[in-house]
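To start, the structure itself, in structure tokens.
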Amino acid sequence: MPQIFYKTFFIFFIIRAVFALENVGSLGHNVSHTDYMLGKDTCTIGIQFVGCRAWNFALGSSPLLYVNYNTNNVFTRTTLTKKGPHTHTFESAYFKTFNDQNSTQLSHAPYHYEAIFAYYIYSYKYDRNVKVHFNTIYNYYINDKYPFSIRRPTVKRSPHQVNIASLIESSVTERIFVLSEFGFLHVTDTYPRLHAGSSLGYRNDVIYMHLGFTMTGTLRGIFVNNQNPNRFDLQQSAFNRRNGYYDFDPVADRNAIKEDFSIHAEFSIQVNF
């Protein structure tokens, strides 16, 4: 079914190439998203997202999650209110892996998870060159045996996860922009994870792209020094455990959780129709 979905979308986008174009906006990073909505009755195709907008509602899916994480996924986004420089946006997403515990097409990680995400995004356009997006994100994990990297092993085992983050979108020139991100994952856990990073992007009336990285970790994991050489990516180490995240012990693994640290690639290439 997903293969038919993507093939149908591709053919549909080619047919739609004759339609009017609007300026391409930023979709944001892996954690922090933006208020950007496609132009009326337009679509986008790319690594990060494949989707369309009708009325005030956007629906789509991520090819990257499907190919690299064996994950069927769907995203929705709608603008709640927009007045002057203020925009309020709601987004939701659903993820469920297939071919569980088998290597993905692009990696050797046996991803196995199911989750529901909800985003509330408040955006403020400071001036023509700067826009800030404040994200409050609730995640509910039905299954998190082998999840993606924004789900970290925690001391308090819970299906719930709350993240808060801000994304600053700064125009350098008419086409070149910078995305700067700062926030926290697992804000209700004993050891919240600091999340920060940046990417450089380019956009015109048709194409949007950005490339950069973000890092996630505890304070001890990020500010490593000669007296603290033991930091490592706990999410990756879970793939070596028979039951993944369910094998982490809040007592025995407490010190390891304190040293948790991860780097995430931030990249996208999108074409609007």
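Starting from 1 in every chain, residues are counted up; chains themselves are A, B, ... following the order of the structure tokens, and ligands are numbered from 1 as listed.
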
Please provide the set of residues having any atom within 12 Å of Ser237 in chain A, restricted to only C-alpha atoms, with same-chain residues fewer than 5 positions apart removed, written as a ChimeraX atom specification. /A:109-110,146-147,149,152-153,231-232,242-245,247-248,253,256-257,260-262

Produce a table with one row for each residue of range 46-160 of chain A that has an atom at most 8 Å from any atom of range 183-193 of chain A, each row naming the nearest atom pair and its distance in Å at one decimal; use only C-alpha atoms; arrange rows by chain and rising residue number; format as JSON lines.
{"residue": "A:Ile150", "atom": "CA", "partner": "A:Leu185", "partner_atom": "CA", "distance": 7.7}
{"residue": "A:Arg152", "atom": "CA", "partner": "A:His186", "partner_atom": "CA", "distance": 7.9}
{"residue": "A:Thr154", "atom": "CA", "partner": "A:Asp189", "partner_atom": "CA", "distance": 6.8}
{"residue": "A:Val155", "atom": "CA", "partner": "A:Thr190", "partner_atom": "CA", "distance": 6.4}
{"residue": "A:Lys156", "atom": "CA", "partner": "A:Asp189", "partner_atom": "CA", "distance": 6.1}

Convert the current residue selection to file output with C-alpha atoms, as a JSON list (two decimals), in the first residue's frame.
[["chain", "number", "residue", "atom", "x", "y", "z"],
["A", 150, "ILE", "CA", 14.40, 11.62, 19.39],
["A", 152, "ARG", "CA", 15.78, 8.56, 24.49],
["A", 154, "THR", "CA", 14.91, 7.46, 30.52],
["A", 155, "VAL", "CA", 14.96, 6.79, 34.26],
["A", 156, "LYS", "CA", 11.18, 7.14, 34.50]]

Nearest residue to Tyr126 in chain A out of A:Ser171, A:Thr97, A:Thr81, A:Ile142, using only C-alpha atoms?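 Residue with the minimum atom-to-atom distance to Tyr126 in chain A: A:Ser171.
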
Using DSSP secondary structure from the backbone, list all helix (DSSP H, G or I) positions within range 33-223 of chain A, as a list in words.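 Those in range 33-223 of chain A that DSSP calls helix (DSSP H, G or I) are Pro63, Leu64, Leu65, Tyr66, Val67, Asn68, Tyr69, Leu219, Arg220, Gly221 and Ile222 of chain A.
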
Skipping near chain neighbours, those fewer than 3 positions away, what residues fall within 10 Å of Gly46 in chain A using only C-alpha atoms, listed as a tab-separated table (two decimals) with N, CA, C and O atoms, in the first residue's frame?
chain	number	residue	atom	x	y	z
A	49	PHE	N	9.35	15.30	3.05
A	49	PHE	CA	7.89	15.30	3.10
A	49	PHE	C	7.29	15.19	1.70
A	49	PHE	O	7.81	15.75	0.75
A	50	VAL	N	6.21	14.44	1.61
A	50	VAL	CA	5.40	14.34	0.40
A	50	VAL	C	3.97	14.64	0.82
A	50	VAL	O	3.43	13.97	1.71
A	51	GLY	N	3.37	15.68	0.25
A	51	GLY	CA	2.03	16.00	0.70
A	51	GLY	C	1.36	17.07	-0.13
A	51	GLY	O	1.96	17.66	-1.03
A	62	SER	N	6.32	11.11	5.17
A	62	SER	CA	7.76	11.29	5.01
A	62	SER	C	8.39	10.08	4.33
A	62	SER	O	8.42	8.98	4.90
A	63	PRO	N	8.90	10.24	3.10
A	63	PRO	CA	9.60	9.14	2.44
A	63	PRO	C	10.83	8.68	3.21
A	63	PRO	O	11.17	7.49	3.21
A	64	LEU	N	11.52	9.62	3.88
A	64	LEU	CA	12.71	9.25	4.64
A	64	LEU	C	12.39	8.27	5.76
A	64	LEU	O	13.10	7.29	5.96
A	207	ILE	N	12.09	25.33	-5.28
A	207	ILE	CA	12.94	24.42	-4.53
A	207	ILE	C	13.23	24.94	-3.12
A	207	ILE	O	13.42	26.14	-2.91
A	208	TYR	N	13.24	24.01	-2.18
A	208	TYR	CA	13.64	24.30	-0.80
A	208	TYR	C	14.63	23.23	-0.37
A	208	TYR	O	14.43	22.04	-0.61
A	209	MET	N	15.73	23.63	0.30
A	209	MET	CA	16.68	22.65	0.84
A	209	MET	C	17.38	23.23	2.05
A	209	MET	O	17.52	24.44	2.20
A	268	SER	N	17.08	18.32	3.96
A	268	SER	CA	15.86	18.20	3.17
A	268	SER	C	16.07	18.78	1.79
A	268	SER	O	16.84	19.74	1.62
A	269	ILE	N	15.41	18.20	0.81
A	269	ILE	CA	15.30	18.75	-0.53
A	269	ILE	C	13.85	18.61	-0.95
A	269	ILE	O	13.33	17.48	-1.02
A	270	GLN	N	13.16	19.72	-1.18
A	270	GLN	CA	11.74	19.71	-1.53
A	270	GLN	C	11.50	20.45	-2.83
A	270	GLN	O	12.18	21.44	-3.12
A	271	VAL	N	10.53	19.97	-3.61
A	271	VAL	CA	10.09	20.65	-4.83
A	271	VAL	C	8.58	20.85	-4.72
A	271	VAL	O	7.85	19.91	-4.45
A	272	ASN	N	8.15	22.10	-4.90
A	272	ASN	CA	6.72	22.42	-4.83
A	272	ASN	C	6.08	22.49	-6.21
A	272	ASN	O	6.70	22.94	-7.17

Counting only C-alpha atoms, what are the residues of range 127-199 of chain A within 10 Å of range 29-37 of chain A, and for each of them which pair of atoms is the nearest and at what distance in Å, to one decimal? Sort the table by chain and rising number, as a tab-separated table.
residue	atom	partner	partner_atom	distance
A:Lys131	CA	A:Thr34	CA	9.4
A:Val132	CA	A:Thr34	CA	8.5
A:His133	CA	A:Thr34	CA	5.8
A:Phe134	CA	A:Ser32	CA	7.9
A:Asn135	CA	A:Ser32	CA	6.1
A:Thr136	CA	A:Ser32	CA	8.8
A:Ile137	CA	A:Val31	CA	8.6
A:Ile150	CA	A:Val31	CA	7.5
A:Asn163	CA	A:Val31	CA	8.4
A:Ile164	CA	A:Ser32	CA	8.4
A:Ala165	CA	A:Ser32	CA	6.1
A:Ser166	CA	A:Ser32	CA	6.5
A:Leu167	CA	A:Ser32	CA	6.1
A:Ile168	CA	A:Thr34	CA	9.4
A:Glu169	CA	A:Thr34	CA	9.0
A:Leu179	CA	A:His29	CA	8.1
A:Ser180	CA	A:His29	CA	9.3
A:Glu181	CA	A:Ser32	CA	7.3
A:Phe182	CA	A:Ser32	CA	8.8
A:Gly183	CA	A:Ser32	CA	8.7
A:Phe184	CA	A:Val31	CA	9.9
A:Leu185	CA	A:Val31	CA	9.0
A:His195	CA	A:Val31	CA	8.9
A:Ala196	CA	A:Val31	CA	9.9
A:Gly197	CA	A:His29	CA	9.3
A:Ser198	CA	A:His29	CA	8.9
A:Ser199	CA	A:His29	CA	8.6

Between A:Leu59, A:Ala252, A:Asn240, A:Lys258, which is the closest to Gly221 in chain A once you count only C-alpha atoms? A:Lys258

So the first atom is CA of Ala54 in chain A and the second is CA of Lys40 in chain A; what is the distance between them in Å, to one decimal place?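 Those two atoms sit 6.4 Å apart.
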
Could you tell me, as an NGL selection string, which residues of range 98-238 of chain A DSSP assigns to strand (DSSP E or B) when given the backbone? :A and (112-125 or 130-146 or 160-171 or 176-185 or 193-203 or 207-217 or 232)

Restricting the output to C-alpha atoms, write the selected residues as a PDB file, in the first residue's frame.
ATOM      1  CA  HIS A 112      10.283  -1.371  16.006  1.00  0.00           C
ATOM      2  CA  TYR A 113       7.885   1.252  17.411  1.00  0.00           C
ATOM      3  CA  GLU A 114       4.429   2.831  17.188  1.00  0.00           C
ATOM      4  CA  ALA A 115       3.664   6.383  18.275  1.00  0.00           C
ATOM      5  CA  ILE A 116       1.270   9.327  18.061  1.00  0.00           C
ATOM      6  CA  PHE A 117       2.565  12.925  18.073  1.00  0.00           C
ATOM      7  CA  ALA A 118       0.739  16.210  18.620  1.00  0.00           C
ATOM      8  CA  TYR A 119       2.325  19.641  18.034  1.00  0.00           C
ATOM      9  CA  TYR A 120       1.186  23.097  19.049  1.00  0.00           C
ATOM     10  CA  ILE A 121       3.271  25.718  17.232  1.00  0.00           C
ATOM     11  CA  TYR A 122       3.158  29.401  18.025  1.00  0.00           C
ATOM     12  CA  SER A 123       5.008  31.494  15.437  1.00  0.00           C
ATOM     13  CA  TYR A 124       5.953  35.145  15.674  1.00  0.00           C
ATOM     14  CA  LYS A 125       7.282  37.100  12.713  1.00  0.00           C
ATOM     15  CA  VAL A 130      13.349  36.803  11.361  1.00  0.00           C
ATOM     16  CA  LYS A 131      10.579  34.442  12.427  1.00  0.00           C
ATOM     17  CA  VAL A 132      10.470  32.372  15.625  1.00  0.00           C
ATOM     18  CA  HIS A 133       8.539  29.112  16.025  1.00  0.00           C
ATOM     19  CA  PHE A 134       7.816  27.900  19.573  1.00  0.00           C
ATOM     20  CA  ASN A 135       6.972  24.181  19.662  1.00  0.00           C
ATOM     21  CA  THR A 136       5.200  22.279  22.430  1.00  0.00           C
ATOM     22  CA  ILE A 137       5.181  18.593  21.494  1.00  0.00           C
ATOM     23  CA  TYR A 138       3.421  15.651  23.120  1.00  0.00           C
ATOM     24  CA  ASN A 139       4.432  12.107  22.147  1.00  0.00           C
ATOM     25  CA  TYR A 140       2.601   8.938  23.104  1.00  0.00           C
ATOM     26  CA  TYR A 141       4.479   5.676  22.452  1.00  0.00           C
ATOM     27  CA  ILE A 142       2.284   2.615  22.089  1.00  0.00           C
ATOM     28  CA  ASN A 143       5.496   0.663  21.563  1.00  0.00           C
ATOM     29  CA  ASP A 144       9.080   1.921  21.891  1.00  0.00           C
ATOM     30  CA  LYS A 145      11.184  -1.231  21.735  1.00  0.00           C
ATOM     31  CA  TYR A 146      13.528   0.179  19.061  1.00  0.00           C
ATOM     32  CA  HIS A 160       4.452   9.768  27.490  1.00  0.00           C
ATOM     33  CA  GLN A 161       7.083  12.256  26.320  1.00  0.00           C
ATOM     34  CA  VAL A 162       6.928  16.056  26.355  1.00  0.00           C
ATOM     35  CA  ASN A 163       9.333  18.229  24.358  1.00  0.00           C
ATOM     36  CA  ILE A 164       9.627  22.005  24.149  1.00  0.00           C
ATOM     37  CA  ALA A 165      11.760  23.757  21.553  1.00  0.00           C
ATOM     38  CA  SER A 166      12.144  26.961  19.582  1.00  0.00           C
ATOM     39  CA  LEU A 167      13.271  27.351  15.991  1.00  0.00           C
ATOM     40  CA  ILE A 168      14.542  30.709  14.744  1.00  0.00           C
ATOM     41  CA  GLU A 169      14.285  31.216  10.991  1.00  0.00           C
ATOM     42  CA  SER A 170      16.675  33.973   9.853  1.00  0.00           C
ATOM     43  CA  SER A 171      17.039  35.210   6.273  1.00  0.00           C
ATOM     44  CA  ILE A 176      19.588  31.894   1.807  1.00  0.00           C
ATOM     45  CA  PHE A 177      18.445  31.367   5.391  1.00  0.00           C
ATOM     46  CA  VAL A 178      19.596  29.850   8.688  1.00  0.00           C
ATOM     47  CA  LEU A 179      17.569  27.679  11.084  1.00  0.00           C
ATOM     48  CA  SER A 180      18.714  27.791  14.732  1.00  0.00           C
ATOM     49  CA  GLU A 181      17.125  25.399  17.233  1.00  0.00           C
ATOM     50  CA  PHE A 182      17.173  25.143  21.026  1.00  0.00           C
ATOM     51  CA  GLY A 183      15.001  23.167  23.415  1.00  0.00           C
ATOM     52  CA  PHE A 184      14.592  20.153  25.666  1.00  0.00           C
ATOM     53  CA  LEU A 185      13.381  16.585  25.132  1.00  0.00           C
ATOM     54  CA  ARG A 193      17.888  16.146  27.246  1.00  0.00           C
ATOM     55  CA  LEU A 194      19.171  19.440  25.911  1.00  0.00           C
ATOM     56  CA  HIS A 195      18.537  19.697  22.170  1.00  0.00           C
ATOM     57  CA  ALA A 196      20.260  22.286  19.979  1.00  0.00           C
ATOM     58  CA  GLY A 197      21.623  22.768  16.481  1.00  0.00           C
ATOM     59  CA  SER A 198      21.548  24.694  13.250  1.00  0.00           C
ATOM     60  CA  SER A 199      21.244  24.320   9.501  1.00  0.00           C
ATOM     61  CA  LEU A 200      21.858  26.423   6.413  1.00  0.00           C
ATOM     62  CA  GLY A 201      19.179  26.541   3.738  1.00  0.00           C
ATOM     63  CA  TYR A 202      18.290  27.786   0.279  1.00  0.00           C
ATOM     64  CA  ARG A 203      14.881  28.389  -1.295  1.00  0.00           C
ATOM     65  CA  ILE A 207      12.940  24.415  -4.526  1.00  0.00           C
ATOM     66  CA  TYR A 208      13.636  24.301  -0.802  1.00  0.00           C
ATOM     67  CA  MET A 209      16.680  22.649   0.835  1.00  0.00           C
ATOM     68  CA  HIS A 210      18.625  22.764   4.075  1.00  0.00           C
ATOM     69  CA  LEU A 211      21.592  20.931   5.609  1.00  0.00           C
ATOM     70  CA  GLY A 212      22.941  20.916   9.159  1.00  0.00           C
ATOM     71  CA  PHE A 213      22.874  18.978  12.416  1.00  0.00           C
ATOM     72  CA  THR A 214      21.419  18.967  15.904  1.00  0.00           C
ATOM     73  CA  MET A 215      22.691  17.348  19.086  1.00  0.00           C
ATOM     74  CA  THR A 216      20.760  15.845  21.979  1.00  0.00           C
ATOM     75  CA  GLY A 217      22.128  14.926  25.374  1.00  0.00           C
ATOM     76  CA  PHE A 232      27.733   7.467  24.119  1.00  0.00           C
TER      77      PHE A 232
END

For Tyr111 in chain A, the nearest of the candidates A:Tyr246, A:Val74, A:Asn99, A:Ala58, counting only C-alpha atoms: A:Asn99

Quick check, in Å to one decimal: how far apart do CA of Val224 in chain A and CA of Arg241 in chain A lie? 25.3 Å
